[in-house]
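> This is the structure, below, for whatever I ask next.
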Amino acid sequence: MTVHAPATPPDPTAAAHPAAPLHGLRVLDLATLFAGPLAAMMLGDFGADVVKVEHPRKPDPSRGHGPAKDGVGLWWKVLGRNKRAITLDLSSPGGRDTLLALAADADVIVENFRPGTLERWGLGWEELSAVNPRLVLARVTGFGQFGPYAHRPGFGTLAEAMSGFAAITGEPDGPPTLPPFGLADSIAALATAYAVMTALTARTTTGRGQVVDMAIIEPMLSVIGPHPLWYDQLGYVQPRTGNRSRNNAPRNTYRTADGSWVAVSTSAQSIAERVLRLVGRPELIDEPWFADGTGRAEHADVLDEAVGAWIARRTRDEAMAAFEKAEAAIAPVYDVRDVVEDPQYRALRTVTEVEDPELGTIKMQNVLFRLSETPGAIRWAGRPHGADTGAVLSELGLTPAEIDALREQGAV
């Protein structure tokens, strides 16, 4: 799939191309910050009509997260892409009634309020499903809709801590380590998009929508491996091992002669053997402990010394070329400057250009995957706060006078 940015900013009132796989799907994004809005963005990338609903006086905090240019938040340009931006005060009568009217024609609502908040506003599942029995309501919270922690404020950082991720991340003699980006939120977003599509598929059989209860603490736990099973059957608790793995070796980052870093992985036995032959230590392959990943991991000091010493005598380009010739697994350790220049990323168009009315030509990550017949596309970057309120409410059938009345009430 090749995604080409248009020469001029597209009209955000225009629908996605009919070939887009989610064309015709209407999504209301009521969520803030990352997991919920990112899931809605993923649906929008493949053609869903996503309407971002923000408070009239309290925009999504992601608009102010991270660096800005000329007062325009850059993170929002990615997170808000392919969304039309409207404002509604859901706690007001006018905002509530307008949301219910929008929900009547929607397929999905994504929200991340604390449990009970929508119910307090008269917008709970009972009211929403009454106006639209086919609606899918995705509820994304830190701890889920029930249980002793359900009403606590929840963020991805807490999931990274509580899932066991931080406990196994970092050097053995160092503190638990948190990622410097929204890892748990991003994983929860992927899981939410998957859950929404699962619920929509079920709707084709049942004719009914349903509630998706997504607790951010759960997807993070599911991706860190079989730790609960190890503990259940063996009483085993994985310690922090830095860049090493308890499952195979050599597996680490190694410094090159020109001061760069490379990462080596030997998850497959054949790759491990190729690496040791390449670095001139074939005798280690004959050691009994070399026969499986666990045995190699127990002798990581020996293997790291062998591989690290060989790499330290070569530049990054020399090490990369030798590993590639030997069909062994290696990668350079990149920062974002390397990413945007890398020929493989360029071939895949992983980072693409988008025309934006506020900032001109901007670069961002492309859609998440390539479909050969019904590709996704970035139609526009994140829109200004409330930019599409009038257009969306007009589509709902409200007259200009009715929209003005809602504005006077503070409902929009």
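Chain lettering (A, B, ...) mirrors the order of the structure tokens, residue numbering begins at 1 for each chain separately, and ligand numbering begins at 1 in order of display.
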May I have all residues of stretch 176-238 of chain A that DSSP, computed from the backbone, assigns to helix (DSSP H, G or I), given as an MDAnalysis selection string?

chainID A and resid 183:206 217:223 227:234

> Could you list, as a list in words, every residue within 9 Å of A:Ile86, counting only C-alpha atoms and ignoring same-chain residues fewer than 5 positions away?

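So, after excluding close chain neighbours, the residues are Val51, Lys52, Val53, Glu54, His55, Pro56, His385, Gly386, Ala387, Asp388, Thr389, Gly390, Ala391, Val392, Leu393 and Val412 of chain A.
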
> Can I get the selection written as a tab-separated table (two decimals), in the first residue's frame, with all heavy atoms?


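Below you can see again.tsv, which holds the result:
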```
chain	number	residue	atom	x	y	z
A	51	VAL	N	-15.93	11.61	14.93
A	51	VAL	CA	-16.26	12.94	15.44
A	51	VAL	C	-15.69	13.06	16.84
A	51	VAL	O	-16.13	12.36	17.76
A	51	VAL	CB	-17.78	13.17	15.45
A	51	VAL	CG1	-18.12	14.53	16.06
A	51	VAL	CG2	-18.34	13.08	14.02
A	52	LYS	N	-14.71	13.92	16.99
A	52	LYS	CA	-14.07	14.15	18.29
A	52	LYS	C	-14.90	15.16	19.07
A	52	LYS	O	-15.11	16.29	18.63
A	52	LYS	CB	-12.65	14.68	18.08
A	52	LYS	CG	-11.95	15.11	19.36
A	52	LYS	CD	-11.63	13.94	20.24
A	52	LYS	CE	-10.85	14.37	21.47
A	52	LYS	NZ	-10.49	13.23	22.33
A	53	VAL	N	-15.37	14.74	20.24
A	53	VAL	CA	-16.21	15.60	21.09
A	53	VAL	C	-15.38	16.08	22.27
A	53	VAL	O	-14.90	15.27	23.07
A	53	VAL	CB	-17.45	14.83	21.59
A	53	VAL	CG1	-18.31	15.73	22.47
A	53	VAL	CG2	-18.27	14.30	20.41
A	54	GLU	N	-15.19	17.40	22.36
A	54	GLU	CA	-14.43	17.99	23.46
A	54	GLU	C	-15.30	18.99	24.21
A	54	GLU	O	-16.28	19.52	23.68
A	54	GLU	CB	-13.19	18.71	22.92
A	54	GLU	CG	-12.21	17.79	22.19
A	54	GLU	CD	-11.09	18.58	21.55
A	54	GLU	OE1	-10.12	18.93	22.27
A	54	GLU	OE2	-11.17	18.86	20.35
A	55	HIS	N	-14.93	19.25	25.45
A	55	HIS	CA	-15.64	20.25	26.24
A	55	HIS	C	-15.39	21.63	25.63
A	55	HIS	O	-14.28	21.92	25.20
A	55	HIS	CB	-15.14	20.21	27.69
A	55	HIS	CG	-15.99	20.97	28.64
A	55	HIS	ND1	-15.93	22.35	28.76
A	55	HIS	CD2	-16.93	20.56	29.54
A	55	HIS	CE1	-16.78	22.76	29.68
A	55	HIS	NE2	-17.41	21.70	30.16
A	56	PRO	N	-16.40	22.50	25.59
A	56	PRO	CA	-16.22	23.81	24.97
A	56	PRO	C	-15.10	24.64	25.61
A	56	PRO	O	-14.44	25.43	24.93
A	56	PRO	CB	-17.57	24.49	25.16
A	56	PRO	CG	-18.55	23.38	25.34
A	56	PRO	CD	-17.79	22.30	26.04
A	385	HIS	N	-9.66	23.18	17.85
A	385	HIS	CA	-10.71	22.92	18.83
A	385	HIS	C	-12.05	23.46	18.33
A	385	HIS	O	-12.21	24.64	18.05
A	385	HIS	CB	-10.33	23.61	20.15
A	385	HIS	CG	-11.28	23.38	21.26
A	385	HIS	ND1	-11.84	24.41	22.00
A	385	HIS	CD2	-11.79	22.24	21.80
A	385	HIS	CE1	-12.62	23.93	22.93
A	385	HIS	NE2	-12.61	22.61	22.83
A	386	GLY	N	-13.03	22.53	18.19
A	386	GLY	CA	-14.38	22.91	17.79
A	386	GLY	C	-14.55	23.33	16.35
A	386	GLY	O	-15.60	23.88	15.99
A	387	ALA	N	-13.57	23.05	15.50
A	387	ALA	CA	-13.61	23.56	14.12
A	387	ALA	C	-14.82	23.07	13.34
A	387	ALA	O	-15.26	23.74	12.40
A	387	ALA	CB	-12.33	23.17	13.39
A	388	ASP	N	-15.36	21.91	13.67
A	388	ASP	CA	-16.42	21.31	12.86
A	388	ASP	C	-17.76	21.25	13.58
A	388	ASP	O	-18.66	20.54	13.13
A	388	ASP	CB	-15.97	19.91	12.43
A	388	ASP	CG	-14.64	19.94	11.72
A	388	ASP	OD1	-14.56	20.55	10.64
A	388	ASP	OD2	-13.67	19.36	12.25
A	389	THR	N	-17.89	21.98	14.68
A	389	THR	CA	-19.13	21.91	15.45
A	389	THR	C	-20.33	22.29	14.60
A	389	THR	O	-21.34	21.57	14.55
A	389	THR	CB	-19.05	22.84	16.68
A	389	THR	OG1	-17.95	22.44	17.49
A	389	THR	CG2	-20.34	22.77	17.49
A	390	GLY	N	-20.25	23.42	13.91
A	390	GLY	CA	-21.39	23.87	13.11
A	390	GLY	C	-21.76	22.88	12.03
A	390	GLY	O	-22.95	22.58	11.84
A	391	ALA	N	-20.76	22.33	11.33
A	391	ALA	CA	-21.04	21.40	10.24
A	391	ALA	C	-21.68	20.12	10.74
A	391	ALA	O	-22.67	19.64	10.17
A	391	ALA	CB	-19.74	21.09	9.49
A	392	VAL	N	-21.17	19.56	11.82
A	392	VAL	CA	-21.71	18.30	12.34
A	392	VAL	C	-23.12	18.49	12.87
A	392	VAL	O	-24.01	17.66	12.63
A	392	VAL	CB	-20.77	17.72	13.42
A	392	VAL	CG1	-21.41	16.52	14.11
A	392	VAL	CG2	-19.44	17.32	12.80
A	393	LEU	N	-23.34	19.57	13.60
A	393	LEU	CA	-24.68	19.79	14.14
A	393	LEU	C	-25.67	20.12	13.03
A	393	LEU	O	-26.86	19.77	13.13
A	393	LEU	CB	-24.65	20.90	15.19
A	393	LEU	CG	-23.80	20.61	16.43
A	393	LEU	CD1	-24.01	21.69	17.49
A	393	LEU	CD2	-24.12	19.23	17.02
A	412	VAL	N	-22.31	24.10	23.72
A	412	VAL	CA	-21.34	23.82	22.67
A	412	VAL	C	-20.32	24.94	22.62
A	412	VAL	O	-20.55	26.04	23.12
A	412	VAL	CB	-21.98	23.62	21.29
A	412	VAL	CG1	-23.00	22.48	21.33
A	412	VAL	CG2	-22.62	24.89	20.80
```

> Against stretch 346-363 of chain A, which residues of stretch 53-84 of chain A fall within 10 Å? For each one I want the closest pair of atoms and the distance in Å (one decimal), counting only C-alpha atoms, rows by chain and increasing residue number, as JSON lines.


```
{"residue": "A:Lys69", "atom": "CA", "partner": "A:Leu359", "partner_atom": "CA", "distance": 8.1}
{"residue": "A:Asp70", "atom": "CA", "partner": "A:Leu359", "partner_atom": "CA", "distance": 8.5}
{"residue": "A:Val72", "atom": "CA", "partner": "A:Glu358", "partner_atom": "CA", "distance": 7.9}
{"residue": "A:Leu74", "atom": "CA", "partner": "A:Leu359", "partner_atom": "CA", "distance": 9.5}
{"residue": "A:Lys77", "atom": "CA", "partner": "A:Asp356", "partner_atom": "CA", "distance": 8.8}
{"residue": "A:Val78", "atom": "CA", "partner": "A:Lys363", "partner_atom": "CA", "distance": 9.3}
{"residue": "A:Arg81", "atom": "CA", "partner": "A:Val354", "partner_atom": "CA", "distance": 9.9}
```

> Quick one: residues within 12 Å of stretch 32-34 of chain A, only C-alpha atoms counted, chain neighbours fewer than 4 positions away excluded, as a ChimeraX atom specification?

/A:38-42,52-55,58-66,75-76,78-80,110-114,139-142,154-157,181-190,192,216

> Pick out the residues sitting within 7 Å of A:Thr253, and hand them over as a PyMOL selection string; count only C-alpha atoms, and ignore anything fewer than 6 positions along from it in its own chain.

chain A and resi 243+261-264

> Give the answer as one residue: which of A:Leu102, A:Tyr254, A:Ile378, A:Leu28 has the shortest atom-to-atom distance to A:Gly397, using only C-alpha atoms?

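Looking at the shortest contact to A:Gly397, the residue is A:Leu102.
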
> Between atom CA of A:Ser267 and atom CA of A:Asp317, what is the spacing in Å?

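Separating atom CA of A:Asp317 from atom CA of A:Ser267 is a distance of 22.9 Å.
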
> Given the choices A:Ala166, A:Ala312, A:Ala377, A:Leu158, which gets closest to A:Ser260 if the distance is worked out from only C-alpha atoms?

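Of the candidates, the smallest distance to A:Ser260 is held by A:Ala312.
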
> Residues at most 12 Å from A:Trp310, counting only C-alpha atoms, excluding those fewer than 2 positions away in the same chain, as a PyMOL selection string?

chain A and resi 254-257+275-281+303-308+312-316+318-319+322-323

> Find, counting only C-alpha atoms, the residue in A:Glu160, A:Asp107, A:Asp173, A:Glu402 that gets nearest to A:Leu221.

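Residue with the minimum atom-to-atom distance to A:Leu221: A:Glu160.
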
> Give me the residues within 10 Å of stretch 18-25 of chain A as a PyMOL selection string, counting only C-alpha atoms and dropping any in the same chain fewer than 4 places off.

chain A and resi 43-50+105-108+197+371+373-377

> Kindly export the residues of the current selection with C-alpha atoms, as an mmCIF file, in the first residue's frame.


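Output file result33.cif is given in full below:
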```cif
data_model
loop_
_atom_site.group_PDB
_atom_site.id
_atom_site.type_symbol
_atom_site.label_atom_id
_atom_site.label_comp_id
_atom_site.auth_asym_id
_atom_site.auth_seq_id
_atom_site.Cartn_x
_atom_site.Cartn_y
_atom_site.Cartn_z
ATOM 1 C CA LEU A 43 -10.526 3.503 13.120
ATOM 2 C CA GLY A 44 -10.456 6.850 11.342
ATOM 3 C CA ASP A 45 -7.315 5.893 9.460
ATOM 4 C CA PHE A 46 -9.283 3.192 7.675
ATOM 5 C CA GLY A 47 -12.275 5.292 6.734
ATOM 6 C CA ALA A 48 -14.507 5.666 9.792
ATOM 7 C CA ASP A 49 -16.121 9.080 10.211
ATOM 8 C CA VAL A 50 -14.728 9.978 13.634
ATOM 9 C CA ASP A 105 -26.944 7.548 14.224
ATOM 10 C CA ALA A 106 -23.553 6.357 15.483
ATOM 11 C CA ASP A 107 -21.977 2.915 15.428
ATOM 12 C CA VAL A 108 -19.364 3.374 18.150
ATOM 13 C CA MET A 197 -14.146 -4.447 15.577
ATOM 14 C CA LEU A 371 -4.045 -3.482 2.941
ATOM 15 C CA GLU A 373 -7.272 -3.814 -1.744
ATOM 16 C CA THR A 374 -8.771 -1.347 0.753
ATOM 17 C CA PRO A 375 -5.928 0.799 2.088
ATOM 18 C CA GLY A 376 -6.168 3.365 4.832
ATOM 19 C CA ALA A 377 -5.134 6.994 4.463
#
```
